[in-house]
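Here's upload07.pdb, which has PDB, C-alpha atoms:
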```pdb
ATOM      1  CA  MET A   1     -57.876 -29.403  11.568
ATOM      2  CA  ASP A   2     -55.305 -28.971   8.805
ATOM      3  CA  ALA A   3     -51.638 -28.907   9.755
ATOM      4  CA  PHE A   4     -50.256 -25.416  10.285
ATOM      5  CA  PRO A   5     -48.228 -24.361   7.182
ATOM      6  CA  LEU A   6     -45.118 -23.458   9.160
ATOM      7  CA  ASP A   7     -42.712 -23.181   6.218
ATOM      8  CA  GLN A   8     -45.039 -20.793   4.421
ATOM      9  CA  PHE A   9     -45.540 -18.765   7.588
ATOM     10  CA  ARG A  10     -41.804 -18.488   8.174
ATOM     11  CA  GLN A  11     -41.301 -17.210   4.633
ATOM     12  CA  GLN A  12     -44.004 -14.581   5.115
ATOM     13  CA  ILE A  13     -42.358 -13.378   8.326
ATOM     14  CA  ALA A  14     -38.927 -13.319   6.664
ATOM     15  CA  ASP A  15     -40.243 -11.310   3.687
ATOM     16  CA  LEU A  16     -41.716  -8.718   6.067
ATOM     17  CA  ALA A  17     -38.425  -8.486   7.970
ATOM     18  CA  LYS A  18     -36.569  -7.718   4.735
ATOM     19  CA  ALA A  19     -38.885  -4.744   4.326
ATOM     20  CA  GLY A  20     -38.131  -3.544   7.859
ATOM     21  CA  ILE A  21     -41.397  -4.865   9.285
ATOM     22  CA  LEU A  22     -40.644  -6.927  12.383
ATOM     23  CA  VAL A  23     -43.657  -8.850  13.619
ATOM     24  CA  GLY A  24     -43.575 -11.139  16.615
ATOM     25  CA  THR A  25     -45.374 -11.979  19.827
ATOM     26  CA  SER A  26     -45.485 -10.839  23.436
ATOM     27  CA  SER A  27     -43.387 -13.473  25.209
ATOM     28  CA  TRP A  28     -42.926 -16.991  23.851
ATOM     29  CA  LYS A  29     -43.061 -19.712  26.528
ATOM     30  CA  TYR A  30     -46.445 -21.217  25.631
ATOM     31  CA  GLU A  31     -46.928 -24.959  25.489
ATOM     32  CA  GLY A  32     -50.072 -24.355  23.451
ATOM     33  CA  TRP A  33     -47.792 -23.514  20.534
ATOM     34  CA  LEU A  34     -46.418 -27.050  20.427
ATOM     35  CA  GLY A  35     -47.355 -28.371  17.019
ATOM     36  CA  LEU A  36     -47.672 -24.821  15.659
ATOM     37  CA  ILE A  37     -44.219 -23.240  15.808
ATOM     38  CA  TYR A  38     -42.630 -25.636  18.297
ATOM     39  CA  SER A  39     -41.673 -29.260  17.655
ATOM     40  CA  PRO A  40     -43.117 -31.388  20.505
ATOM     41  CA  GLU A  41     -40.480 -34.084  20.161
ATOM     42  CA  LYS A  42     -37.731 -31.670  21.211
ATOM     43  CA  TYR A  43     -39.229 -31.306  24.670
ATOM     44  CA  LEU A  44     -40.709 -34.739  25.367
ATOM     45  CA  ARG A  45     -39.561 -37.372  27.799
ATOM     46  CA  TYR A  46     -40.655 -40.932  27.063
ATOM     47  CA  PHE A  47     -41.491 -43.591  29.645
ATOM     48  CA  LYS A  48     -41.763 -47.349  29.439
ATOM     49  CA  GLU A  49     -45.371 -47.028  30.453
ATOM     50  CA  GLY A  50     -47.800 -44.207  29.833
ATOM     51  CA  PRO A  51     -47.704 -41.281  27.430
ATOM     52  CA  PRO A  52     -44.669 -38.990  27.032
ATOM     53  CA  LYS A  53     -44.568 -35.800  29.069
ATOM     54  CA  ILE A  54     -43.352 -32.313  28.263
ATOM     55  CA  LEU A  55     -40.202 -31.367  30.141
ATOM     56  CA  LYS A  56     -41.328 -27.916  31.260
ATOM     57  CA  GLY A  57     -37.890 -26.814  32.417
ATOM     58  CA  ARG A  58     -36.244 -27.737  29.127
ATOM     59  CA  PHE A  59     -39.055 -26.136  27.150
ATOM     60  CA  GLU A  60     -39.008 -22.814  28.996
ATOM     61  CA  LYS A  61     -35.212 -22.613  28.981
ATOM     62  CA  THR A  62     -34.547 -23.498  25.341
ATOM     63  CA  CYS A  63     -37.641 -22.823  23.207
ATOM     64  CA  LEU A  64     -36.518 -19.269  22.374
ATOM     65  CA  ALA A  65     -34.005 -20.738  19.938
ATOM     66  CA  GLU A  66     -36.791 -22.508  18.055
ATOM     67  CA  TYR A  67     -38.996 -19.414  18.253
ATOM     68  CA  SER A  68     -36.285 -17.463  16.415
ATOM     69  CA  GLN A  69     -36.511 -19.904  13.507
ATOM     70  CA  THR A  70     -39.951 -18.441  12.778
ATOM     71  CA  PHE A  71     -39.938 -14.860  14.087
ATOM     72  CA  LYS A  72     -37.304 -12.137  13.864
ATOM     73  CA  THR A  73     -38.374 -10.304  17.023
ATOM     74  CA  VAL A  74     -40.124 -10.792  20.360
ATOM     75  CA  CYS A  75     -41.228  -8.528  23.185
ATOM     76  CA  LEU A  76     -39.561  -9.551  26.439
ATOM     77  CA  ASP A  77     -42.224  -8.914  29.063
ATOM     78  CA  ALA A  78     -39.948 -10.166  31.857
ATOM     79  CA  GLY A  79     -37.986  -6.918  31.692
ATOM     80  CA  PHE A  80     -40.957  -5.223  33.367
ATOM     81  CA  TYR A  81     -40.420  -7.153  36.595
ATOM     82  CA  GLN A  82     -36.661  -6.883  37.061
ATOM     83  CA  PHE A  83     -33.705  -4.980  35.725
ATOM     84  CA  PRO A  84     -31.858  -7.053  33.108
ATOM     85  CA  SER A  85     -28.707  -8.703  34.397
ATOM     86  CA  PRO A  86     -25.721  -9.711  32.251
ATOM     87  CA  GLN A  87     -26.446 -13.372  33.010
ATOM     88  CA  MET A  88     -30.091 -13.037  31.991
ATOM     89  CA  LEU A  89     -29.217 -11.309  28.715
ATOM     90  CA  GLU A  90     -26.444 -13.742  27.889
ATOM     91  CA  GLY A  91     -28.920 -16.609  28.281
ATOM     92  CA  TYR A  92     -31.295 -15.008  25.787
ATOM     93  CA  PHE A  93     -28.826 -13.842  23.172
ATOM     94  CA  ALA A  94     -26.938 -17.134  23.192
ATOM     95  CA  GLN A  95     -30.102 -18.669  21.674
ATOM     96  CA  LEU A  96     -30.736 -15.933  19.107
ATOM     97  CA  PRO A  97     -29.272 -15.323  15.634
ATOM     98  CA  PRO A  98     -27.471 -12.021  15.016
ATOM     99  CA  ASP A  99     -30.328 -10.517  12.991
ATOM    100  CA  PHE A 100     -32.948 -11.087  15.713
ATOM    101  CA  GLN A 101     -34.255  -7.971  17.485
ATOM    102  CA  LEU A 102     -35.146  -8.330  21.169
ATOM    103  CA  SER A 103     -37.571  -5.655  22.342
ATOM    104  CA  ILE A 104     -37.887  -5.205  26.092
ATOM    105  CA  LYS A 105     -40.427  -3.671  28.443
ATOM    106  CA  VAL A 106     -38.695  -1.242  30.780
ATOM    107  CA  THR A 107     -38.633  -2.248  34.433
ATOM    108  CA  GLU A 108     -41.607  -1.075  36.465
ATOM    109  CA  ASP A 109     -39.309   0.572  39.022
ATOM    110  CA  ILE A 110     -39.007   3.326  36.423
ATOM    111  CA  THR A 111     -42.628   3.519  35.231
ATOM    112  CA  ILE A 112     -44.780   2.995  38.348
ATOM    113  CA  LEU A 113     -45.789   6.181  40.151
ATOM    114  CA  ARG A 114     -47.237   4.386  43.174
ATOM    115  CA  PHE A 115     -46.744   0.688  43.946
ATOM    116  CA  PRO A 116     -50.031  -1.270  43.912
ATOM    117  CA  ASN A 117     -51.303  -2.892  47.095
ATOM    118  CA  LEU A 118     -50.210  -6.365  46.061
ATOM    119  CA  PRO A 119     -48.219  -8.918  48.096
ATOM    120  CA  ARG A 120     -45.328  -9.061  45.630
ATOM    121  CA  TYR A 121     -44.410  -5.455  46.428
ATOM    122  CA  GLY A 122     -43.863  -6.206  50.108
ATOM    123  CA  SER A 123     -43.232  -3.112  52.194
ATOM    124  CA  ARG A 124     -43.412  -0.925  49.076
ATOM    125  CA  ALA A 125     -47.112  -1.754  48.488
ATOM    126  CA  GLY A 126     -49.192   1.414  48.416
ATOM    127  CA  GLN A 127     -46.108   3.653  48.639
ATOM    128  CA  ASN A 128     -44.958   6.312  46.212
ATOM    129  CA  ASN A 129     -42.094   5.204  43.999
ATOM    130  CA  PRO A 130     -39.036   7.418  44.598
ATOM    131  CA  HIS A 131     -37.526   6.262  41.289
ATOM    132  CA  PHE A 132     -40.457   7.116  39.038
ATOM    133  CA  LEU A 133     -38.947   8.367  35.751
ATOM    134  CA  ASP A 134     -35.469   8.325  37.296
ATOM    135  CA  ALA A 135     -33.230   8.851  34.272
ATOM    136  CA  ASP A 136     -29.999   8.083  36.130
ATOM    137  CA  LEU A 137     -31.313   4.747  37.375
ATOM    138  CA  PHE A 138     -32.649   3.836  33.951
ATOM    139  CA  ILE A 139     -29.346   4.632  32.257
ATOM    140  CA  SER A 140     -27.227   2.711  34.752
ATOM    141  CA  ALA A 141     -29.424  -0.257  35.695
ATOM    142  CA  PHE A 142     -31.308  -0.809  32.436
ATOM    143  CA  LEU A 143     -29.277   0.548  29.542
ATOM    144  CA  GLY A 144     -25.955  -0.400  31.115
ATOM    145  CA  PRO A 145     -26.403  -4.193  30.845
ATOM    146  CA  LEU A 146     -27.893  -3.810  27.339
ATOM    147  CA  ALA A 147     -24.928  -1.907  25.925
ATOM    148  CA  PRO A 148     -22.981  -4.983  24.680
ATOM    149  CA  TYR A 149     -26.043  -6.035  22.651
ATOM    150  CA  ARG A 150     -27.054  -2.618  21.356
ATOM    151  CA  ASP A 151     -27.272  -3.681  17.689
ATOM    152  CA  ARG A 152     -29.537  -6.594  18.646
ATOM    153  CA  ILE A 153     -32.014  -4.599  20.721
ATOM    154  CA  GLY A 154     -35.318  -3.608  19.142
ATOM    155  CA  THR A 155     -37.450  -1.035  20.935
ATOM    156  CA  LEU A 156     -37.472  -0.325  24.668
ATOM    157  CA  ILE A 157     -41.057   0.090  25.829
ATOM    158  CA  PHE A 158     -42.005   2.323  28.736
ATOM    159  CA  GLU A 159     -45.367   0.853  29.735
ATOM    160  CA  PHE A 160     -47.357   3.052  32.100
ATOM    161  CA  SER A 161     -50.241   1.377  33.880
ATOM    162  CA  GLN A 162     -53.444   3.348  34.077
ATOM    163  CA  PHE A 163     -53.086   6.380  36.317
ATOM    164  CA  SER A 164     -55.921   7.390  38.633
ATOM    165  CA  SER A 165     -57.394  10.868  38.906
ATOM    166  CA  THR A 166     -55.512  11.306  42.184
ATOM    167  CA  ASP A 167     -52.170  10.632  40.484
ATOM    168  CA  TRP A 168     -52.378  13.519  38.030
ATOM    169  CA  GLU A 169     -54.950  16.289  38.053
ATOM    170  CA  ARG A 170     -54.391  16.688  34.314
ATOM    171  CA  GLY A 171     -52.599  14.664  31.686
ATOM    172  CA  ARG A 172     -50.377  17.626  30.855
ATOM    173  CA  GLU A 173     -48.640  17.188  34.236
ATOM    174  CA  PHE A 174     -47.636  13.642  33.327
ATOM    175  CA  VAL A 175     -46.496  14.809  29.897
ATOM    176  CA  ALA A 176     -44.286  17.478  31.512
ATOM    177  CA  TYR A 177     -42.590  14.813  33.670
ATOM    178  CA  LEU A 178     -42.221  12.585  30.623
ATOM    179  CA  ASP A 179     -40.713  15.398  28.543
ATOM    180  CA  ALA A 180     -38.051  16.116  31.156
ATOM    181  CA  PHE A 181     -37.241  12.414  31.483
ATOM    182  CA  LEU A 182     -36.952  11.776  27.741
ATOM    183  CA  ASP A 183     -34.737  14.825  27.356
ATOM    184  CA  ARG A 184     -32.114  13.162  29.549
ATOM    185  CA  LEU A 185     -31.998   9.808  27.777
ATOM    186  CA  PRO A 186     -29.074   8.797  25.547
ATOM    187  CA  LYS A 187     -29.805   8.976  21.831
ATOM    188  CA  GLY A 188     -29.468   6.052  19.460
ATOM    189  CA  TRP A 189     -32.015   3.714  21.077
ATOM    190  CA  ASP A 190     -35.548   3.134  19.821
ATOM    191  CA  TYR A 191     -37.751   4.198  22.748
ATOM    192  CA  SER A 192     -41.519   3.675  22.816
ATOM    193  CA  VAL A 193     -44.142   4.898  25.281
ATOM    194  CA  GLU A 194     -47.306   2.906  25.988
ATOM    195  CA  ILE A 195     -49.999   4.621  28.017
ATOM    196  CA  ARG A 196     -53.253   3.204  29.358
ATOM    197  CA  ASN A 197     -55.198   6.472  29.879
ATOM    198  CA  GLU A 198     -57.317   7.373  26.870
ATOM    199  CA  SER A 199     -57.574  10.999  28.023
ATOM    200  CA  PHE A 200     -53.782  11.336  27.729
ATOM    201  CA  LEU A 201     -53.970  10.855  23.939
ATOM    202  CA  HIS A 202     -53.717  14.603  23.527
ATOM    203  CA  PRO A 203     -51.839  16.664  20.893
ATOM    204  CA  ARG A 204     -49.282  17.777  23.497
ATOM    205  CA  TYR A 205     -48.484  14.133  24.342
ATOM    206  CA  PHE A 206     -47.824  13.347  20.687
ATOM    207  CA  GLU A 207     -45.797  16.548  20.276
ATOM    208  CA  VAL A 208     -43.475  15.646  23.147
ATOM    209  CA  LEU A 209     -42.864  12.155  21.796
ATOM    210  CA  LYS A 210     -42.133  13.550  18.332
ATOM    211  CA  LEU A 211     -39.710  16.089  19.786
ATOM    212  CA  HIS A 212     -37.628  13.203  21.163
ATOM    213  CA  ASN A 213     -38.222  10.773  18.255
ATOM    214  CA  VAL A 214     -40.018   8.385  20.614
ATOM    215  CA  SER A 215     -42.805   6.190  19.269
ATOM    216  CA  HIS A 216     -46.299   6.195  20.686
ATOM    217  CA  ALA A 217     -46.954   2.473  21.133
ATOM    218  CA  PHE A 218     -50.310   1.845  19.495
ATOM    219  CA  ASN A 219     -51.899  -0.598  21.913
ATOM    220  CA  SER A 220     -55.070  -2.622  22.085
ATOM    221  CA  TRP A 221     -55.966  -2.712  25.784
ATOM    222  CA  SER A 222     -58.943  -2.868  28.144
ATOM    223  CA  ARG A 223     -59.587   0.856  28.523
ATOM    224  CA  MET A 224     -57.893   2.213  25.428
ATOM    225  CA  PRO A 225     -59.590   3.067  22.131
ATOM    226  CA  PRO A 226     -59.069   0.503  19.352
ATOM    227  CA  VAL A 227     -55.789   0.720  17.452
ATOM    228  CA  LEU A 228     -57.635   1.769  14.289
ATOM    229  CA  GLU A 229     -58.910   4.808  16.157
ATOM    230  CA  GLN A 230     -55.445   5.608  17.503
ATOM    231  CA  LEU A 231     -54.011   5.367  13.990
ATOM    232  CA  ARG A 232     -56.472   8.006  12.812
ATOM    233  CA  MET A 233     -55.464  10.495  15.509
ATOM    234  CA  VAL A 234     -53.601  13.512  14.153
ATOM    235  CA  GLY A 235     -49.930  13.371  15.082
ATOM    236  CA  SER A 236     -49.972   9.807  16.450
ATOM    237  CA  GLU A 237     -47.045   8.785  14.221
ATOM    238  CA  THR A 238     -44.367  10.329  16.415
ATOM    239  CA  ALA A 239     -41.053   8.723  15.421
ATOM    240  CA  ASP A 240     -39.143   7.384  12.440
ATOM    241  CA  PHE A 241     -40.274   3.898  13.492
ATOM    242  CA  ILE A 242     -43.611   2.403  14.515
ATOM    243  CA  THR A 243     -44.451   0.338  17.596
ATOM    244  CA  ALA A 244     -47.740  -1.513  18.118
ATOM    245  CA  ARG A 245     -48.890  -4.108  20.623
ATOM    246  CA  PHE A 246     -52.128  -6.024  20.194
ATOM    247  CA  LEU A 247     -52.809  -7.233  23.722
ATOM    248  CA  LEU A 248     -56.498  -7.316  24.635
ATOM    249  CA  LYS A 249     -59.846  -6.509  23.111
ATOM    250  CA  PRO A 250     -60.976  -3.115  24.464
ATOM    251  CA  GLY A 251     -63.479  -3.680  27.262
ATOM    252  CA  ARG A 252     -61.998  -7.030  28.319
ATOM    253  CA  THR A 253     -59.753  -7.505  31.332
ATOM    254  CA  TYR A 254     -56.550  -9.510  31.332
ATOM    255  CA  GLU A 255     -58.024 -12.054  33.748
ATOM    256  CA  GLN A 256     -61.083 -12.553  31.536
ATOM    257  CA  ALA A 257     -58.889 -13.137  28.493
ATOM    258  CA  VAL A 258     -56.680 -15.676  30.269
ATOM    259  CA  LYS A 259     -59.733 -17.636  31.392
ATOM    260  CA  ALA A 260     -61.297 -17.545  27.942
ATOM    261  CA  PHE A 261     -58.270 -18.340  25.787
ATOM    262  CA  GLN A 262     -55.885 -20.678  27.623
ATOM    263  CA  PRO A 263     -53.965 -22.802  26.595
ATOM    264  CA  TYR A 264     -53.571 -20.623  23.472
ATOM    265  CA  LYS A 265     -53.727 -23.397  20.903
ATOM    266  CA  GLU A 266     -56.442 -21.932  18.660
ATOM    267  CA  ILE A 267     -58.357 -18.847  17.648
ATOM    268  CA  LYS A 268     -61.431 -18.669  19.848
ATOM    269  CA  GLU A 269     -62.756 -15.224  19.030
ATOM    270  CA  PRO A 270     -61.628 -13.435  15.840
ATOM    271  CA  ASN A 271     -61.302  -9.685  16.365
ATOM    272  CA  THR A 272     -62.179  -8.063  13.052
ATOM    273  CA  GLU A 273     -61.239  -4.526  14.096
ATOM    274  CA  ALA A 274     -57.862  -5.530  15.522
ATOM    275  CA  ARG A 275     -57.101  -7.563  12.410
ATOM    276  CA  ALA A 276     -57.875  -4.571  10.215
ATOM    277  CA  ALA A 277     -55.444  -2.417  12.218
ATOM    278  CA  LEU A 278     -52.807  -5.145  12.187
ATOM    279  CA  GLY A 279     -53.247  -5.487   8.421
ATOM    280  CA  GLN A 280     -52.684  -1.745   7.984
ATOM    281  CA  LEU A 281     -49.533  -1.802  10.081
ATOM    282  CA  LEU A 282     -48.158  -4.793   8.194
ATOM    283  CA  GLY A 283     -48.913  -3.218   4.824
ATOM    284  CA  ARG A 284     -45.730  -2.495   2.921
ATOM    285  CA  ALA A 285     -46.934   0.905   1.663
ATOM    286  CA  CYS A 286     -48.250   2.037   5.045
ATOM    287  CA  PHE A 287     -46.056   4.564   6.876
ATOM    288  CA  ALA A 288     -43.608   4.635   3.980
ATOM    289  CA  LYS A 289     -41.395   7.216   5.698
ATOM    290  CA  THR A 290     -40.658   5.008   8.686
ATOM    291  CA  ARG A 291     -37.505   2.935   8.697
ATOM    292  CA  LYS A 292     -38.751   0.086  10.864
ATOM    293  CA  ARG A 293     -41.878  -1.324  12.478
ATOM    294  CA  TYR A 294     -42.083  -3.357  15.688
ATOM    295  CA  ILE A 295     -45.421  -5.149  15.882
ATOM    296  CA  TYR A 296     -46.363  -7.599  18.621
ATOM    297  CA  VAL A 297     -49.442  -9.776  19.095
ATOM    298  CA  ASN A 298     -50.537 -11.403  22.349
ATOM    299  CA  ASN A 299     -52.374 -14.694  22.833
ATOM    300  CA  ARG A 300     -54.977 -12.827  24.871
ATOM    301  CA  LEU A 301     -56.211 -10.930  21.808
ATOM    302  CA  GLU A 302     -57.925 -13.871  20.054
ATOM    303  CA  GLY A 303     -56.574 -17.066  21.566
ATOM    304  CA  SER A 304     -53.318 -17.784  19.721
ATOM    305  CA  ALA A 305     -50.898 -15.079  18.591
ATOM    306  CA  PRO A 306     -49.192 -17.075  15.793
ATOM    307  CA  LEU A 307     -52.569 -18.002  14.327
ATOM    308  CA  THR A 308     -53.773 -14.391  14.503
ATOM    309  CA  ILE A 309     -50.699 -13.184  12.619
ATOM    310  CA  SER A 310     -51.040 -15.992  10.084
ATOM    311  CA  ALA A 311     -54.704 -15.195   9.455
ATOM    312  CA  VAL A 312     -53.944 -11.519   8.791
ATOM    313  CA  LEU A 313     -51.045 -12.306   6.456
ATOM    314  CA  ASN A 314     -53.070 -14.867   4.528
ATOM    315  CA  ALA A 315     -55.965 -12.426   4.170
ATOM    316  CA  ALA A 316     -53.585  -9.792   2.808
ATOM    317  CA  THR A 317     -52.140 -12.282   0.329
ATOM    318  CA  ALA A 318     -55.609 -13.292  -0.855
ATOM    319  CA  GLU A 319     -56.625  -9.639  -1.259
ATOM    320  CA  SER A 320     -53.497  -8.898  -3.294
ATOM    321  CA  SER A 321     -54.197 -11.881  -5.537
ATOM    322  CA  GLN A 322     -57.765 -10.703  -6.147
ATOM    323  CA  GLU A 323     -56.564  -7.206  -7.020
ATOM    324  CA  ALA A 324     -53.949  -8.594  -9.397
ATOM    325  CA  SER A 325     -56.524 -10.705 -11.239
ATOM    326  CA  ALA A 326     -59.161  -7.946 -11.413
TER
END
```
Could I get this structure in the form of structure tokens?
Amino acid sequence: MDAFPLDQFRQQIADLAKAGILVGTSSWKYEGWLGLIYSPEKYLRYFKEGPPKILKGRFEKTCLAEYSQTFKTVCLDAGFYQFPSPQMLEGYFAQLPPDFQLSIKVTEDITILRFPNLPRYGSRAGQNNPHFLDADLFISAFLGPLAPYRDRIGTLIFEFSQFSSTDWERGREFVAYLDAFLDRLPKGWDYSVEIRNESFLHPRYFEVLKLHNVSHAFNSWSRMPPVLEQLRMVGSETADFITARFLLKPGRTYEQAVKAFQPYKEIKEPNTEARAALGQLLGRACFAKTRKRYIYVNNRLEGSAPLTISAVLNAATAESSQEASA
């Protein structure tokens, strides 16, 4: 296998960022990226006998700084599991350059209607969440700690897991709750909403997001229509910025993708349709009226997020060259 052209890749990412197109990955602590965007020697410990070993603690604690030498944004998935603390944020931003945009998934205490029956929820498992779409809690516990870093925050993503038919009789009921919640949020932040119910992709849903200048997060997920299909929906461009997350191939579960693609060192299954959508979103002329785009790719889409992004960018470059010579 040829060596990954990291310098070229970094220049491509930087050129996109200058045009307001921020492309990155969902999370970053993947040892499979050693030799791609991470330098193995920075995290190795050598022994008198035997091969060197990766210092996992050092890698997970410090690799964000090296990540930021390639990408200009990342989606912080950890925000979904706990409210951000000043100490947590200081640890991240101390590693990041001033022009880096950290996007964060909003804590599930705000976006879960009913806690799943899983051990990690303890006594809350199976119970209704009293803080579902609690604007006061979101403003104080989530936005509060972010305030000192406001200029360095990308988009804040409200990810709603798939609702069951017993949660909402109709999607319009969820949209009414969402409308009231969004109406109470402070302006000046880039908010995005990611839903996992295909039936909720209704004109009223898009209208409410547009009313509040909140982006529908185009997402490739198990039970969602492909991103290309979402892009074709009337009214789906709801804000003056675009958010997209390429997570899973529709029809595939998270667990299946993890089993198939770990340790995320190579492309194992190219996804032609997802690449076409990603290429559209990365196109400079696409969505010309938007001021910024936040686009994130997950390892579980094809096997290695950096290689997926690289393949799409290289294909676009080759296509442009062919058009120029025609």
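When the PyMOL selection byres ((chain A and resi 171-177) around 10) is evaluated against the file, it yields Phe132, Leu133, Phe163, Ser165, Asp167, Trp168, Glu169, Arg170, Leu178, Asp179, Ala180, Phe181, Leu182, Asn197, Glu198, Ser199, Phe200, Leu201, His202, Arg204, Tyr205, Phe206, Glu207, Val208 and Leu209 of chain A.
Counting only C-alpha atoms and comparing A:Cys75, A:Ala141, A:Val227, A:Leu22, the residue that lies closest to A:Asp109 is A:Ala141.
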Legend entry - Best match for closeness to A:Phe80 among A:Ala65, A:Ile195, A:Ile112, A:Val214, counting all atoms listed in the file: A:Ile112
To test your reading of the syntax: which residues would the PyMOL selection byres ((chain A and resi 315) around 12) return for the file shown? Reply as a PDB file with C-alpha atoms, in the frame of the given file.
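This went into selection-v3.pdb:
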```pdb
ATOM      1  CA  THR A 272     -62.179  -8.063  13.052  1.00  0.00           C
ATOM      2  CA  ARG A 275     -57.101  -7.563  12.410  1.00  0.00           C
ATOM      3  CA  ALA A 276     -57.875  -4.571  10.215  1.00  0.00           C
ATOM      4  CA  LEU A 278     -52.807  -5.145  12.187  1.00  0.00           C
ATOM      5  CA  GLY A 279     -53.247  -5.487   8.421  1.00  0.00           C
ATOM      6  CA  GLN A 280     -52.684  -1.745   7.984  1.00  0.00           C
ATOM      7  CA  LEU A 282     -48.158  -4.793   8.194  1.00  0.00           C
ATOM      8  CA  GLY A 283     -48.913  -3.218   4.824  1.00  0.00           C
ATOM      9  CA  THR A 308     -53.773 -14.391  14.503  1.00  0.00           C
ATOM     10  CA  ILE A 309     -50.699 -13.184  12.619  1.00  0.00           C
ATOM     11  CA  SER A 310     -51.040 -15.992  10.084  1.00  0.00           C
ATOM     12  CA  ALA A 311     -54.704 -15.195   9.455  1.00  0.00           C
ATOM     13  CA  VAL A 312     -53.944 -11.519   8.791  1.00  0.00           C
ATOM     14  CA  LEU A 313     -51.045 -12.306   6.456  1.00  0.00           C
ATOM     15  CA  ASN A 314     -53.070 -14.867   4.528  1.00  0.00           C
ATOM     16  CA  ALA A 316     -53.585  -9.792   2.808  1.00  0.00           C
ATOM     17  CA  THR A 317     -52.140 -12.282   0.329  1.00  0.00           C
ATOM     18  CA  ALA A 318     -55.609 -13.292  -0.855  1.00  0.00           C
ATOM     19  CA  GLU A 319     -56.625  -9.639  -1.259  1.00  0.00           C
ATOM     20  CA  SER A 320     -53.497  -8.898  -3.294  1.00  0.00           C
ATOM     21  CA  SER A 321     -54.197 -11.881  -5.537  1.00  0.00           C
ATOM     22  CA  GLN A 322     -57.765 -10.703  -6.147  1.00  0.00           C
TER      23      GLN A 322
END
```
Inset, instruction - List, as a PyMOL selection string, every residue that the PyMOL selection byres ((chain A and resi 301) around 8) selects in the file provided. - result: chain A and resi 246-249+257+271+297-300+302-305
Could the residues in this selection be written to a file with C-alpha atoms, as an mmCIF file, keeping the file's coordinate frame?
```cif
data_model
loop_
_atom_site.group_PDB
_atom_site.id
_atom_site.type_symbol
_atom_site.label_atom_id
_atom_site.label_comp_id
_atom_site.auth_asym_id
_atom_site.auth_seq_id
_atom_site.Cartn_x
_atom_site.Cartn_y
_atom_site.Cartn_z
ATOM 1 C CA PHE A 246 -52.128 -6.024 20.194
ATOM 2 C CA LEU A 247 -52.809 -7.233 23.722
ATOM 3 C CA LEU A 248 -56.498 -7.316 24.635
ATOM 4 C CA LYS A 249 -59.846 -6.509 23.111
ATOM 5 C CA ALA A 257 -58.889 -13.137 28.493
ATOM 6 C CA ASN A 271 -61.302 -9.685 16.365
ATOM 7 C CA VAL A 297 -49.442 -9.776 19.095
ATOM 8 C CA ASN A 298 -50.537 -11.403 22.349
ATOM 9 C CA ASN A 299 -52.374 -14.694 22.833
ATOM 10 C CA ARG A 300 -54.977 -12.827 24.871
ATOM 11 C CA GLU A 302 -57.925 -13.871 20.054
ATOM 12 C CA GLY A 303 -56.574 -17.066 21.566
ATOM 13 C CA SER A 304 -53.318 -17.784 19.721
ATOM 14 C CA ALA A 305 -50.898 -15.079 18.591
#
```
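The closest residue to A:Gln11, picked from A:Gln230, A:Tyr254, A:Thr70, A:Leu185 and counting all atoms listed in the file, is A:Thr70.
Distance annotation: of A:Leu64, A:Leu307, A:Ala244, A:Leu89, the residue with the minimal separation from A:Ile295 is A:Ala244; atom set is all atoms listed in the file.
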Show me as a CSV table (one decimal) with C-alpha atoms, in the coordinates of the input the residues that reach within 6 Å of (-37.1, -3.4, 22.1), counting all atoms listed in the file and using the file's own coordinates.
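Result written to point_7.csv:
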```
chain,number,residue,atom,x,y,z
A,102,LEU,CA,-35.1,-8.3,21.2
A,103,SER,CA,-37.6,-5.7,22.3
A,104,ILE,CA,-37.9,-5.2,26.1
A,153,ILE,CA,-32.0,-4.6,20.7
A,154,GLY,CA,-35.3,-3.6,19.1
A,155,THR,CA,-37.4,-1.0,20.9
A,156,LEU,CA,-37.5,-0.3,24.7
```
Inset, instruction - Could you give me, as a ChimeraX atom specification, the residues within 12 Å of A:Pro40, counting all atoms listed in the file and dropping anything in the same chain fewer than 2 positions from it? - result: /A:30-38,42-46,52-56,58-59,63,66
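For the pair atom CA of A:Ser68 and atom CA of A:Pro270, the interatomic distance is 25.7 Å.
Across the model, the gap from atom CA of A:Ile267 to atom CA of A:Trp28 is 16.7 Å.
Closest approach to A:Glu90 among A:Tyr149, A:Ala260, A:Leu6, A:Phe218: A:Tyr149, based on all atoms listed in the file.
Distances here use only C-alpha atoms; by that measure, the residue among A:Thr243, A:Thr238, A:Gln87, A:Thr73 closest to A:Leu146 is A:Gln87.
From atom CA of A:Tyr92 back to atom CA of A:Ser220, the distance works out to 27.1 Å.
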What would the list of residues within 12 Å of (-26.3, 7.0, 29.4) (file frame) look like as a CSV table (one decimal) with C-alpha atoms, keeping the file's coordinate frame, if all atoms listed in the file are what count?
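Now in result35.csv:
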```csv
chain,number,residue,atom,x,y,z
A,135,ALA,CA,-33.2,8.9,34.3
A,136,ASP,CA,-30.0,8.1,36.1
A,137,LEU,CA,-31.3,4.7,37.4
A,138,PHE,CA,-32.6,3.8,34.0
A,139,ILE,CA,-29.3,4.6,32.3
A,140,SER,CA,-27.2,2.7,34.8
A,141,ALA,CA,-29.4,-0.3,35.7
A,142,PHE,CA,-31.3,-0.8,32.4
A,143,LEU,CA,-29.3,0.5,29.5
A,144,GLY,CA,-26.0,-0.4,31.1
A,145,PRO,CA,-26.4,-4.2,30.8
A,146,LEU,CA,-27.9,-3.8,27.3
A,147,ALA,CA,-24.9,-1.9,25.9
A,182,LEU,CA,-37.0,11.8,27.7
A,183,ASP,CA,-34.7,14.8,27.4
A,184,ARG,CA,-32.1,13.2,29.5
A,185,LEU,CA,-32.0,9.8,27.8
A,186,PRO,CA,-29.1,8.8,25.5
A,187,LYS,CA,-29.8,9.0,21.8
A,188,GLY,CA,-29.5,6.1,19.5
A,189,TRP,CA,-32.0,3.7,21.1
```
